[in-house]
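Engineer: What follows is the file final31.csv, containing CSV, N, CA and C atoms:
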```
chain,number,residue,atom,x,y,z
R,107,MET,N,5.3,-11.1,-16.8
R,107,MET,CA,4.1,-10.8,-15.9
R,107,MET,C,3.7,-9.3,-16.3
R,108,ASN,N,2.4,-9.1,-16.4
R,108,ASN,CA,1.9,-7.8,-16.7
R,108,ASN,C,1.8,-6.9,-15.5
R,109,ILE,N,2.7,-6.0,-15.3
R,109,ILE,CA,2.8,-5.2,-14.0
R,109,ILE,C,1.6,-4.3,-13.9
R,110,LYS,N,1.1,-3.8,-15.1
R,110,LYS,CA,-0.1,-2.9,-15.0
R,110,LYS,C,-1.3,-3.7,-14.5
R,111,GLU,N,-1.5,-4.9,-14.9
R,111,GLU,CA,-2.6,-5.7,-14.4
R,111,GLU,C,-2.4,-6.0,-12.9
R,112,GLN,N,-1.2,-6.3,-12.5
R,112,GLN,CA,-0.9,-6.6,-11.1
R,112,GLN,C,-1.2,-5.4,-10.2
R,113,ALA,N,-0.7,-4.2,-10.7
R,113,ALA,CA,-0.9,-3.0,-9.9
R,113,ALA,C,-2.4,-2.6,-9.8
R,114,THR,N,-3.1,-2.8,-10.9
R,114,THR,CA,-4.6,-2.6,-10.9
R,114,THR,C,-5.3,-3.5,-9.9
R,115,LYS,N,-4.9,-4.8,-9.9
R,115,LYS,CA,-5.6,-5.7,-9.0
R,115,LYS,C,-5.2,-5.3,-7.6
R,116,MET,N,-4.0,-5.0,-7.3
R,116,MET,CA,-3.6,-4.7,-5.9
R,116,MET,C,-4.3,-3.4,-5.4
R,117,ASP,N,-4.3,-2.4,-6.3
R,117,ASP,CA,-5.0,-1.2,-5.9
R,117,ASP,C,-6.5,-1.4,-5.7
R,118,SER,N,-7.1,-2.2,-6.4
R,118,SER,CA,-8.5,-2.5,-6.2
R,118,SER,C,-8.8,-3.1,-4.8
R,119,ILE,N,-7.9,-4.0,-4.4
R,119,ILE,CA,-8.0,-4.6,-3.1
R,119,ILE,C,-7.8,-3.6,-2.0
R,120,VAL,N,-6.8,-2.8,-2.2
R,120,VAL,CA,-6.5,-1.7,-1.2
R,120,VAL,C,-7.7,-0.7,-1.1
R,121,ALA,N,-8.3,-0.4,-2.2
R,121,ALA,CA,-9.4,0.6,-2.3
R,121,ALA,C,-10.6,0.0,-1.5
R,122,GLN,N,-10.7,-1.3,-1.4
R,122,GLN,CA,-11.8,-2.0,-0.7
R,122,GLN,C,-11.5,-2.0,0.8
R,123,GLY,N,-10.3,-1.6,1.2
R,123,GLY,CA,-9.9,-1.6,2.6
R,123,GLY,C,-9.2,-2.9,3.0
R,124,ALA,N,-9.0,-3.8,2.1
R,124,ALA,CA,-8.4,-5.1,2.5
R,124,ALA,C,-6.9,-5.0,2.3
R,125,ILE,N,-6.3,-4.1,3.1
R,125,ILE,CA,-4.9,-3.8,3.0
R,125,ILE,C,-4.0,-5.0,3.4
R,126,VAL,N,-4.4,-5.8,4.4
R,126,VAL,CA,-3.6,-6.9,4.8
R,126,VAL,C,-3.6,-8.0,3.7
R,127,ASP,N,-4.8,-8.2,3.1
R,127,ASP,CA,-4.9,-9.2,2.0
R,127,ASP,C,-4.1,-8.8,0.8
R,128,ALA,N,-4.0,-7.5,0.5
R,128,ALA,CA,-3.2,-7.0,-0.6
R,128,ALA,C,-1.7,-7.4,-0.4
R,129,VAL,N,-1.2,-7.2,0.8
R,129,VAL,CA,0.2,-7.5,1.2
R,129,VAL,C,0.4,-9.0,1.0
R,130,LYS,N,-0.5,-9.8,1.6
R,130,LYS,CA,-0.4,-11.2,1.6
R,130,LYS,C,-0.4,-11.8,0.1
R,131,GLN,N,-1.2,-11.2,-0.7
R,131,GLN,CA,-1.3,-11.7,-2.1
R,131,GLN,C,-0.2,-11.2,-3.0
R,132,PHE,N,0.3,-10.0,-2.8
R,132,PHE,CA,1.2,-9.4,-3.8
R,132,PHE,C,2.6,-9.2,-3.4
R,133,PHE,N,3.0,-9.3,-2.2
R,133,PHE,CA,4.3,-9.0,-1.8
R,133,PHE,C,5.2,-10.2,-1.9
R,134,ALA,N,6.5,-10.0,-2.4
R,134,ALA,CA,7.5,-11.0,-2.4
R,134,ALA,C,7.9,-11.2,-0.9
R,135,GLU,N,8.5,-12.4,-0.6
R,135,GLU,CA,8.9,-12.8,0.7
R,135,GLU,C,9.9,-11.8,1.3
R,136,ASP,N,10.8,-11.3,0.5
R,136,ASP,CA,11.9,-10.4,0.9
R,136,ASP,C,11.6,-8.9,0.6
R,137,ALA,N,10.3,-8.6,0.5
R,137,ALA,CA,9.9,-7.2,0.2
R,137,ALA,C,10.4,-6.2,1.2
R,138,LEU,N,10.8,-5.1,0.8
R,138,LEU,CA,11.3,-4.0,1.6
R,138,LEU,C,10.2,-2.9,1.6
R,139,THR,N,9.9,-2.2,2.7
R,139,THR,CA,9.0,-1.1,2.7
R,139,THR,C,9.6,0.0,3.5
R,140,SER,N,9.2,1.3,3.2
R,140,SER,CA,9.5,2.4,4.0
R,140,SER,C,8.4,3.4,3.9
R,141,ASP,N,8.2,4.2,4.9
R,141,ASP,CA,7.1,5.2,4.8
R,141,ASP,C,7.8,6.6,5.2
R,142,TYR,N,7.0,7.6,5.1
R,142,TYR,CA,7.5,9.0,5.3
R,142,TYR,C,7.6,9.3,6.8
R,143,ASN,N,7.2,8.3,7.7
R,143,ASN,CA,7.5,8.5,9.1
R,143,ASN,C,8.7,7.8,9.6
R,144,GLY,N,9.5,7.2,8.6
R,144,GLY,CA,10.7,6.5,8.9
R,144,GLY,C,10.6,5.1,9.4
R,145,VAL,N,9.3,4.5,9.2
R,145,VAL,CA,9.1,3.1,9.6
R,145,VAL,C,9.4,2.2,8.4
R,146,ALA,N,10.2,1.2,8.6
R,146,ALA,CA,10.6,0.3,7.5
R,146,ALA,C,10.4,-1.2,7.9
R,147,THR,N,10.1,-2.0,6.9
R,147,THR,CA,10.1,-3.4,7.1
R,147,THR,C,11.0,-4.1,6.1
R,148,THR,N,11.5,-5.3,6.4
R,148,THR,CA,12.4,-6.0,5.5
R,148,THR,C,11.9,-7.3,5.0
R,149,THR,N,10.7,-7.7,5.4
R,149,THR,CA,10.2,-9.0,4.9
R,149,THR,C,8.7,-8.8,4.8
R,150,LYS,N,8.1,-9.7,4.0
R,150,LYS,CA,6.6,-9.7,3.8
R,150,LYS,C,6.0,-9.9,5.2
R,151,GLN,N,6.5,-10.9,6.0
R,151,GLN,CA,5.8,-11.1,7.3
R,151,GLN,C,5.8,-9.9,8.2
R,152,GLN,N,6.9,-9.1,8.2
R,152,GLN,CA,6.9,-7.9,9.0
R,152,GLN,C,5.8,-6.9,8.5
R,153,MET,N,5.7,-6.8,7.2
R,153,MET,CA,4.7,-5.9,6.6
R,153,MET,C,3.3,-6.4,6.9
R,154,VAL,N,3.1,-7.7,6.9
R,154,VAL,CA,1.7,-8.3,7.2
R,154,VAL,C,1.4,-7.9,8.7
R,155,GLU,N,2.4,-8.1,9.6
R,155,GLU,CA,2.2,-7.8,11.0
R,155,GLU,C,1.9,-6.3,11.2
R,156,LYS,N,2.7,-5.5,10.5
R,156,LYS,CA,2.5,-4.0,10.6
R,156,LYS,C,1.1,-3.6,10.1
R,157,MET,N,0.6,-4.2,9.0
R,157,MET,CA,-0.7,-3.9,8.5
R,157,MET,C,-1.8,-4.5,9.3
R,158,GLU,N,-1.6,-5.6,9.9
R,158,GLU,CA,-2.6,-6.2,10.8
R,158,GLU,C,-2.8,-5.3,12.0
R,159,GLY,N,-1.7,-4.8,12.6
R,159,GLY,CA,-1.8,-3.9,13.7
R,159,GLY,C,-2.5,-2.6,13.4
R,160,PHE,N,-2.1,-2.1,12.2
R,160,PHE,CA,-2.8,-0.8,11.8
R,160,PHE,C,-4.3,-1.1,11.5
R,161,ALA,N,-4.6,-2.1,10.8
R,161,ALA,CA,-6.0,-2.4,10.5
R,161,ALA,C,-6.8,-2.6,11.7
R,162,GLY,N,-6.2,-3.3,12.7
R,162,GLY,CA,-6.9,-3.6,13.9
R,162,GLY,C,-7.1,-2.3,14.8
R,163,ALA,N,-6.4,-1.2,14.5
R,163,ALA,CA,-6.6,0.0,15.3
R,163,ALA,C,-7.6,1.0,14.6
R,164,ILE,N,-8.1,0.6,13.5
R,164,ILE,CA,-9.1,1.4,12.8
R,164,ILE,C,-10.5,1.2,13.4
R,165,ALA,N,-11.1,2.2,13.9
R,165,ALA,CA,-12.5,2.1,14.4
R,165,ALA,C,-13.5,2.3,13.3
R,166,GLN,N,-13.3,3.2,12.3
R,166,GLN,CA,-14.2,3.4,11.3
R,166,GLN,C,-13.4,3.9,10.0
R,167,VAL,N,-13.8,3.3,8.9
R,167,VAL,CA,-13.3,3.8,7.6
R,167,VAL,C,-14.3,4.8,7.1
R,168,ASN,N,-13.8,6.1,7.0
R,168,ASN,CA,-14.6,7.1,6.4
R,168,ASN,C,-14.5,7.2,4.9
R,169,GLY,N,-13.4,6.7,4.4
R,169,GLY,CA,-13.3,6.7,2.9
R,169,GLY,C,-11.9,6.3,2.5
R,170,ILE,N,-11.8,5.5,1.4
R,170,ILE,CA,-10.5,5.2,0.7
R,170,ILE,C,-10.8,5.5,-0.7
R,171,THR,N,-10.0,6.5,-1.2
R,171,THR,CA,-10.2,6.9,-2.6
R,171,THR,C,-8.9,6.6,-3.4
R,172,HIS,N,-9.0,5.8,-4.5
R,172,HIS,CA,-7.9,5.6,-5.4
R,172,HIS,C,-8.1,6.6,-6.5
R,173,HIS,N,-7.1,7.5,-6.6
R,173,HIS,CA,-7.2,8.5,-7.6
R,173,HIS,C,-6.6,8.1,-9.0
R,174,HIS,N,-5.3,7.6,-9.0
R,174,HIS,CA,-4.7,7.3,-10.2
R,174,HIS,C,-3.6,6.3,-10.0
R,175,THR,N,-3.2,5.5,-11.0
R,175,THR,CA,-2.0,4.7,-11.0
R,175,THR,C,-1.3,4.8,-12.3
R,176,ILE,N,0.0,5.0,-12.2
R,176,ILE,CA,0.8,5.0,-13.5
R,176,ILE,C,1.8,3.9,-13.3
R,177,VAL,N,2.1,3.3,-14.5
R,177,VAL,CA,3.1,2.2,-14.5
R,177,VAL,C,4.1,2.5,-15.6
R,178,ASP,N,5.4,2.3,-15.2
R,178,ASP,CA,6.5,2.5,-16.2
R,178,ASP,C,7.4,1.3,-16.0
R,179,GLY,N,7.4,0.4,-16.9
R,179,GLY,CA,8.2,-0.8,-16.7
R,179,GLY,C,7.8,-1.6,-15.5
R,180,ASN,N,8.7,-1.8,-14.6
R,180,ASN,CA,8.4,-2.6,-13.4
R,180,ASN,C,8.1,-1.7,-12.2
R,181,VAL,N,7.8,-0.4,-12.4
R,181,VAL,CA,7.6,0.5,-11.3
R,181,VAL,C,6.1,1.1,-11.5
R,182,SER,N,5.4,1.1,-10.4
R,182,SER,CA,4.1,1.7,-10.4
R,182,SER,C,4.0,2.8,-9.3
R,183,ALA,N,3.2,3.7,-9.5
R,183,ALA,CA,2.9,4.8,-8.5
R,183,ALA,C,1.4,5.0,-8.4
R,184,SER,N,0.9,4.8,-7.2
R,184,SER,CA,-0.6,4.9,-7.0
R,184,SER,C,-0.9,6.0,-6.0
R,185,GLU,N,-1.9,6.8,-6.4
R,185,GLU,CA,-2.3,7.9,-5.5
R,185,GLU,C,-3.6,7.5,-4.8
R,186,PHE,N,-3.5,7.6,-3.5
R,186,PHE,CA,-4.7,7.3,-2.7
R,186,PHE,C,-4.9,8.4,-1.6
R,187,THR,N,-6.2,8.5,-1.2
R,187,THR,CA,-6.5,9.2,0.0
R,187,THR,C,-7.2,8.3,1.0
R,188,PHE,N,-6.7,8.2,2.2
R,188,PHE,CA,-7.2,7.4,3.3
R,188,PHE,C,-7.8,8.2,4.4
R,189,ASP,N,-9.0,8.0,4.8
R,189,ASP,CA,-9.6,8.7,5.9
R,189,ASP,C,-10.2,7.8,6.9
R,190,PHE,N,-9.6,7.7,8.1
R,190,PHE,CA,-10.0,6.8,9.1
R,190,PHE,C,-10.2,7.4,10.5
R,191,ASN,N,-11.1,6.9,11.3
R,191,ASN,CA,-11.2,7.2,12.7
R,191,ASN,C,-10.6,6.0,13.4
R,192,MET,N,-9.7,6.3,14.3
R,192,MET,CA,-8.9,5.3,15.0
R,192,MET,C,-9.5,4.9,16.3
R,193,ALA,N,-9.3,3.8,16.8
R,193,ALA,CA,-9.8,3.3,18.0
R,193,ALA,C,-9.4,4.1,19.2
R,194,ASP,N,-8.3,4.8,19.1
R,194,ASP,CA,-7.8,5.7,20.2
R,194,ASP,C,-8.4,7.1,20.2
R,195,GLY,N,-9.3,7.3,19.3
R,195,GLY,CA,-10.0,8.6,19.2
R,195,GLY,C,-9.4,9.5,18.2
R,196,SER,N,-8.2,9.2,17.7
R,196,SER,CA,-7.5,10.1,16.7
R,196,SER,C,-8.1,9.9,15.3
R,197,LYS,N,-7.8,10.8,14.4
R,197,LYS,CA,-8.2,10.7,13.0
R,197,LYS,C,-6.9,10.6,12.1
R,198,ILE,N,-7.1,9.8,11.1
R,198,ILE,CA,-6.0,9.7,10.1
R,198,ILE,C,-6.6,10.2,8.8
R,199,TYR,N,-5.9,11.1,8.1
R,199,TYR,CA,-6.3,11.6,6.8
R,199,TYR,C,-5.0,11.6,6.0
R,200,TRP,N,-4.7,10.6,5.2
R,200,TRP,CA,-3.5,10.6,4.4
R,200,TRP,C,-3.8,10.7,2.9
R,201,HIS,N,-3.1,11.6,2.3
R,201,HIS,CA,-3.1,11.7,0.8
R,201,HIS,C,-1.7,11.3,0.4
R,202,GLU,N,-1.6,10.2,-0.2
R,202,GLU,CA,-0.2,9.7,-0.4
R,202,GLU,C,0.0,9.0,-1.8
R,203,ILE,N,1.2,8.9,-2.2
R,203,ILE,CA,1.7,8.2,-3.3
R,203,ILE,C,2.4,7.0,-2.9
R,204,ILE,N,2.0,5.8,-3.4
R,204,ILE,CA,2.6,4.6,-3.0
R,204,ILE,C,3.4,4.1,-4.3
R,205,ARG,N,4.7,4.1,-4.1
R,205,ARG,CA,5.6,3.7,-5.2
R,205,ARG,C,6.0,2.2,-5.0
R,206,ARG,N,5.8,1.4,-6.0
R,206,ARG,CA,6.1,0.0,-5.9
R,206,ARG,C,7.1,-0.4,-7.0
R,207,ILE,N,8.1,-1.2,-6.6
R,207,ILE,CA,8.9,-1.9,-7.6
R,207,ILE,C,8.6,-3.3,-7.6
R,208,TRP,N,8.3,-3.9,-8.8
R,208,TRP,CA,7.8,-5.2,-9.0
R,208,TRP,C,8.9,-6.1,-9.5
R,209,ASN,N,8.9,-7.4,-9.1
R,209,ASN,CA,9.8,-8.4,-9.7
R,209,ASN,C,9.2,-9.0,-11.0
R,210,ASN,N,9.9,-9.9,-11.6
R,210,ASN,CA,9.4,-10.6,-12.8
R,210,ASN,C,8.3,-11.5,-12.6
R,211,LYS,N,8.0,-11.9,-11.3
R,211,LYS,CA,6.9,-12.8,-11.0
R,211,LYS,C,5.7,-12.0,-10.7
R,212,GLY,N,5.7,-10.7,-10.8
R,212,GLY,CA,4.6,-9.9,-10.5
R,212,GLY,C,4.3,-9.6,-9.0
R,213,GLU,N,5.4,-9.7,-8.2
R,213,GLU,CA,5.4,-9.5,-6.8
R,213,GLU,C,6.0,-8.1,-6.5
R,214,VAL,N,5.6,-7.5,-5.4
R,214,VAL,CA,6.2,-6.2,-5.0
R,214,VAL,C,7.5,-6.6,-4.2
R,215,ASN,N,8.6,-6.0,-4.8
R,215,ASN,CA,9.9,-6.2,-4.1
R,215,ASN,C,10.2,-5.0,-3.2
R,216,GLN,N,9.6,-3.8,-3.5
R,216,GLN,CA,9.9,-2.6,-2.7
R,216,GLN,C,8.6,-1.8,-2.8
R,217,GLU,N,8.3,-1.2,-1.6
R,217,GLU,CA,7.1,-0.3,-1.6
R,217,GLU,C,7.5,0.9,-0.7
R,218,GLU,N,7.3,2.1,-1.2
R,218,GLU,CA,7.6,3.3,-0.4
R,218,GLU,C,6.4,4.2,-0.5
R,219,TYR,N,6.2,4.9,0.6
R,219,TYR,CA,5.1,5.8,0.7
R,219,TYR,C,5.6,7.3,0.8
R,220,PHE,N,4.9,8.1,0.0
R,220,PHE,CA,5.3,9.5,0.0
R,220,PHE,C,4.0,10.4,0.3
R,221,ASN,N,4.2,11.4,1.1
R,221,ASN,CA,3.1,12.2,1.5
R,221,ASN,C,2.8,13.2,0.4
R,222,ALA,N,1.6,13.2,-0.1
R,222,ALA,CA,1.2,14.0,-1.3
R,222,ALA,C,0.4,15.2,-0.9
R,223,GLN,N,0.4,15.6,0.4
R,223,GLN,CA,-0.3,16.7,0.9
R,223,GLN,C,0.4,18.0,0.7
```
Mind turning this structure into structure tokens?
Structural biologist:
Amino acid sequence: MNIKEQATKMDSIVAQGAIVDAVKQFFAEDALTSDYNGVATTTKQQMVEKMEGFAGAIAQVNGITHHHTIVDGNVSASEFTFDFNMADGSKIYWHEIIRRIWNNKGEVNQEEYFNAQ
């Protein structure tokens, strides 16, 4: 499986704001995730639920910018900036690196978020 192609496809979906769709399409069933706020998931279904809850709390997307992606073997690192107005009146502005480890089937086995600010 060509990991660079998979990472490019997934990043394109994320950049369009379809974060839940990206998880559904590219995650392995036993995928692990963790973010810099200490929140972790241990299955694809947990991550889908987490992303559905997050996406549902967005009132307005001000911008999603995909800056770069690098791939080395089965590991990719993608740099994004996310700018959202949330339904509760708060604002989210994240500049982050998303590191993914991919399996031989082209599915994400592990995803971790790093604050790039």
Engineer: List every residue of segment 108-209 of chain R that DSSP, applied to the backbone of this structure, assigns to helix (DSSP H, G or I), and report them as a ChimeraX atom specification.
Structural biologist: /R:109-121,125-132,150-162
Engineer: What does the distance between atom CA of Met116 of chain R and atom CA of Gly144 of chain R come to in Å, to one decimal place?
Structural biologist: 23.4 Å
Engineer: Quick one: residues within 6.5 Å of segment 154-158 of chain R, all atoms listed in the file, excluding same-chain residues fewer than 3 positions away - as a list of chain:residue names?
Structural biologist: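 In the requested form, the answer reads R:Ile125, R:Val126, R:Val129, R:Lys130, R:Thr149, R:Lys150, R:Gln151, R:Ala161, R:Gly162, R:Ala163.
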Engineer: Find the residues near Thr114 of chain R: any atom within 10 Å, counting only C-alpha atoms, skip ones fewer than 2 places away on the same chain, and give them as a list in words.
Structural biologist: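 Those residues are Ile109, Lys110, Glu111, Gln112, Met116, Asp117, Ser118, Ile119, Val120, His174, Thr175, Ile176, Val177, Ser182 and Ser184 of chain R.
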Engineer: Where does DSSP see strand (DSSP E) in chain R, if you list the residues as an NGL selection string?
Structural biologist: :R and (133-140 or 146-147 or 164-178 or 181-192 or 197-208 or 214-221)
Engineer: Would you list the contacts of Gly212 of chain R as an mmCIF file with N, CA and C atoms, keeping the file's coordinate frame, taking every protein, DNA or RNA residue within 7 Å and counting all atoms listed in the file, but skipping same-chain residues closer than 6 positions in sequence?
Structural biologist:
```
data_model
loop_
_atom_site.group_PDB
_atom_site.id
_atom_site.type_symbol
_atom_site.label_atom_id
_atom_site.label_comp_id
_atom_site.auth_asym_id
_atom_site.auth_seq_id
_atom_site.Cartn_x
_atom_site.Cartn_y
_atom_site.Cartn_z
ATOM 1 N N MET R 107 5.300 -11.100 -16.800
ATOM 2 C CA MET R 107 4.100 -10.800 -15.900
ATOM 3 C C MET R 107 3.700 -9.300 -16.300
ATOM 4 N N ASN R 108 2.400 -9.100 -16.400
ATOM 5 C CA ASN R 108 1.900 -7.800 -16.700
ATOM 6 C C ASN R 108 1.800 -6.900 -15.500
ATOM 7 N N ILE R 109 2.700 -6.000 -15.300
ATOM 8 C CA ILE R 109 2.800 -5.200 -14.000
ATOM 9 C C ILE R 109 1.600 -4.300 -13.900
ATOM 10 N N GLN R 112 -1.200 -6.300 -12.500
ATOM 11 C CA GLN R 112 -0.900 -6.600 -11.100
ATOM 12 C C GLN R 112 -1.200 -5.400 -10.200
ATOM 13 N N PHE R 132 0.300 -10.000 -2.800
ATOM 14 C CA PHE R 132 1.200 -9.400 -3.800
ATOM 15 C C PHE R 132 2.600 -9.200 -3.400
ATOM 16 N N PHE R 133 3.000 -9.300 -2.200
ATOM 17 C CA PHE R 133 4.300 -9.000 -1.800
ATOM 18 C C PHE R 133 5.200 -10.200 -1.900
ATOM 19 N N ALA R 134 6.500 -10.000 -2.400
ATOM 20 C CA ALA R 134 7.500 -11.000 -2.400
ATOM 21 C C ALA R 134 7.900 -11.200 -0.900
#
```
Engineer: Can you tell me, as a PDB file with N, CA and C atoms, in the frame of the given file, what residues are no more than 6.5 Å from segment 196-207 of chain R when counting only N, CA and C atoms, ignoring any on the same chain fewer than 5 positions away?
Structural biologist:
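See around.pdb below for the written result:
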```
ATOM      1  N   ASN R 180       8.700  -1.800 -14.600  1.00  0.00           N
ATOM      2  CA  ASN R 180       8.400  -2.600 -13.400  1.00  0.00           C
ATOM      3  C   ASN R 180       8.100  -1.700 -12.200  1.00  0.00           C
ATOM      4  N   VAL R 181       7.800  -0.400 -12.400  1.00  0.00           N
ATOM      5  CA  VAL R 181       7.600   0.500 -11.300  1.00  0.00           C
ATOM      6  C   VAL R 181       6.100   1.100 -11.500  1.00  0.00           C
ATOM      7  N   SER R 182       5.400   1.100 -10.400  1.00  0.00           N
ATOM      8  CA  SER R 182       4.100   1.700 -10.400  1.00  0.00           C
ATOM      9  C   SER R 182       4.000   2.800  -9.300  1.00  0.00           C
ATOM     10  N   ALA R 183       3.200   3.700  -9.500  1.00  0.00           N
ATOM     11  CA  ALA R 183       2.900   4.800  -8.500  1.00  0.00           C
ATOM     12  C   ALA R 183       1.400   5.000  -8.400  1.00  0.00           C
ATOM     13  N   SER R 184       0.900   4.800  -7.200  1.00  0.00           N
ATOM     14  CA  SER R 184      -0.600   4.900  -7.000  1.00  0.00           C
ATOM     15  C   SER R 184      -0.900   6.000  -6.000  1.00  0.00           C
ATOM     16  N   GLU R 185      -1.900   6.800  -6.400  1.00  0.00           N
ATOM     17  CA  GLU R 185      -2.300   7.900  -5.500  1.00  0.00           C
ATOM     18  C   GLU R 185      -3.600   7.500  -4.800  1.00  0.00           C
ATOM     19  N   PHE R 186      -3.500   7.600  -3.500  1.00  0.00           N
ATOM     20  CA  PHE R 186      -4.700   7.300  -2.700  1.00  0.00           C
ATOM     21  C   PHE R 186      -4.900   8.400  -1.600  1.00  0.00           C
ATOM     22  N   THR R 187      -6.200   8.500  -1.200  1.00  0.00           N
ATOM     23  CA  THR R 187      -6.500   9.200   0.000  1.00  0.00           C
ATOM     24  C   THR R 187      -7.200   8.300   1.000  1.00  0.00           C
ATOM     25  N   PHE R 188      -6.700   8.200   2.200  1.00  0.00           N
ATOM     26  CA  PHE R 188      -7.200   7.400   3.300  1.00  0.00           C
ATOM     27  C   PHE R 188      -7.800   8.200   4.400  1.00  0.00           C
ATOM     28  N   ASP R 189      -9.000   8.000   4.800  1.00  0.00           N
ATOM     29  CA  ASP R 189      -9.600   8.700   5.900  1.00  0.00           C
ATOM     30  C   ASP R 189     -10.200   7.800   6.900  1.00  0.00           C
ATOM     31  N   PHE R 190      -9.600   7.700   8.100  1.00  0.00           N
ATOM     32  CA  PHE R 190     -10.000   6.800   9.100  1.00  0.00           C
ATOM     33  C   PHE R 190     -10.200   7.400  10.500  1.00  0.00           C
ATOM     34  N   ASN R 191     -11.100   6.900  11.300  1.00  0.00           N
ATOM     35  CA  ASN R 191     -11.200   7.200  12.700  1.00  0.00           C
ATOM     36  C   ASN R 191     -10.600   6.000  13.400  1.00  0.00           C
ATOM     37  N   GLU R 213       5.400  -9.700  -8.200  1.00  0.00           N
ATOM     38  CA  GLU R 213       5.400  -9.500  -6.800  1.00  0.00           C
ATOM     39  C   GLU R 213       6.000  -8.100  -6.500  1.00  0.00           C
ATOM     40  N   VAL R 214       5.600  -7.500  -5.400  1.00  0.00           N
ATOM     41  CA  VAL R 214       6.200  -6.200  -5.000  1.00  0.00           C
ATOM     42  C   VAL R 214       7.500  -6.600  -4.200  1.00  0.00           C
ATOM     43  N   ASN R 215       8.600  -6.000  -4.800  1.00  0.00           N
ATOM     44  CA  ASN R 215       9.900  -6.200  -4.100  1.00  0.00           C
ATOM     45  C   ASN R 215      10.200  -5.000  -3.200  1.00  0.00           C
ATOM     46  N   GLN R 216       9.600  -3.800  -3.500  1.00  0.00           N
ATOM     47  CA  GLN R 216       9.900  -2.600  -2.700  1.00  0.00           C
ATOM     48  C   GLN R 216       8.600  -1.800  -2.800  1.00  0.00           C
ATOM     49  N   GLU R 217       8.300  -1.200  -1.600  1.00  0.00           N
ATOM     50  CA  GLU R 217       7.100  -0.300  -1.600  1.00  0.00           C
ATOM     51  C   GLU R 217       7.500   0.900  -0.700  1.00  0.00           C
ATOM     52  N   GLU R 218       7.300   2.100  -1.200  1.00  0.00           N
ATOM     53  CA  GLU R 218       7.600   3.300  -0.400  1.00  0.00           C
ATOM     54  C   GLU R 218       6.400   4.200  -0.500  1.00  0.00           C
ATOM     55  N   TYR R 219       6.200   4.900   0.600  1.00  0.00           N
ATOM     56  CA  TYR R 219       5.100   5.800   0.700  1.00  0.00           C
ATOM     57  C   TYR R 219       5.600   7.300   0.800  1.00  0.00           C
ATOM     58  N   PHE R 220       4.900   8.100   0.000  1.00  0.00           N
ATOM     59  CA  PHE R 220       5.300   9.500   0.000  1.00  0.00           C
ATOM     60  C   PHE R 220       4.000  10.400   0.300  1.00  0.00           C
ATOM     61  N   ASN R 221       4.200  11.400   1.100  1.00  0.00           N
ATOM     62  CA  ASN R 221       3.100  12.200   1.500  1.00  0.00           C
ATOM     63  C   ASN R 221       2.800  13.200   0.400  1.00  0.00           C
ATOM     64  N   ALA R 222       1.600  13.200  -0.100  1.00  0.00           N
ATOM     65  CA  ALA R 222       1.200  14.000  -1.300  1.00  0.00           C
ATOM     66  C   ALA R 222       0.400  15.200  -0.900  1.00  0.00           C
ATOM     67  N   GLN R 223       0.400  15.600   0.400  1.00  0.00           N
ATOM     68  CA  GLN R 223      -0.300  16.700   0.900  1.00  0.00           C
ATOM     69  C   GLN R 223       0.400  18.000   0.700  1.00  0.00           C
TER      70      GLN R 223
END
```
Engineer: Grab the atom CA of Phe160 of chain R to atom C of Trp208 of chain R distance for me, in Å with one decimal place.
Structural biologist: 24.9 Å
Engineer: One number please: atom CA of Asp178 of chain R to atom CA of Thr139 of chain R, in Å, one decimal.
Structural biologist: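 Atom-to-atom, atom CA of Asp178 of chain R to atom CA of Thr139 of chain R, that is 19.4 Å.
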Engineer: Please reconstruct the missing atoms of segment 148-155 of chain R (target: N, CA, C and O atoms) and return them as a compact mmCIF listing (two decimals), keeping the file's coordinate frame.
Structural biologist:
```
# COMPACT_ATOMS: atom_id res chain seq x y z
N THR R 148 11.50 -5.30 6.40
CA THR R 148 12.40 -6.00 5.50
C THR R 148 11.90 -7.30 5.00
O THR R 148 12.69 -8.00 4.32
N THR R 149 10.70 -7.70 5.40
CA THR R 149 10.20 -9.00 4.90
C THR R 149 8.70 -8.80 4.80
O THR R 149 8.04 -7.94 5.35
N LYS R 150 8.10 -9.70 4.00
CA LYS R 150 6.60 -9.70 3.80
C LYS R 150 6.00 -9.90 5.20
O LYS R 150 4.96 -9.27 5.47
N GLN R 151 6.50 -10.90 6.00
CA GLN R 151 5.80 -11.10 7.30
C GLN R 151 5.80 -9.90 8.20
O GLN R 151 4.82 -9.65 8.84
N GLN R 152 6.90 -9.10 8.20
CA GLN R 152 6.90 -7.90 9.00
C GLN R 152 5.80 -6.90 8.50
O GLN R 152 5.18 -6.28 9.29
N MET R 153 5.70 -6.80 7.20
CA MET R 153 4.70 -5.90 6.60
C MET R 153 3.30 -6.40 6.90
O MET R 153 2.41 -5.60 7.26
N VAL R 154 3.10 -7.70 6.90
CA VAL R 154 1.70 -8.30 7.20
C VAL R 154 1.40 -7.90 8.70
O VAL R 154 0.34 -7.43 9.00
N GLU R 155 2.40 -8.10 9.60
CA GLU R 155 2.20 -7.80 11.00
C GLU R 155 1.90 -6.30 11.20
O GLU R 155 1.06 -5.91 11.98
```
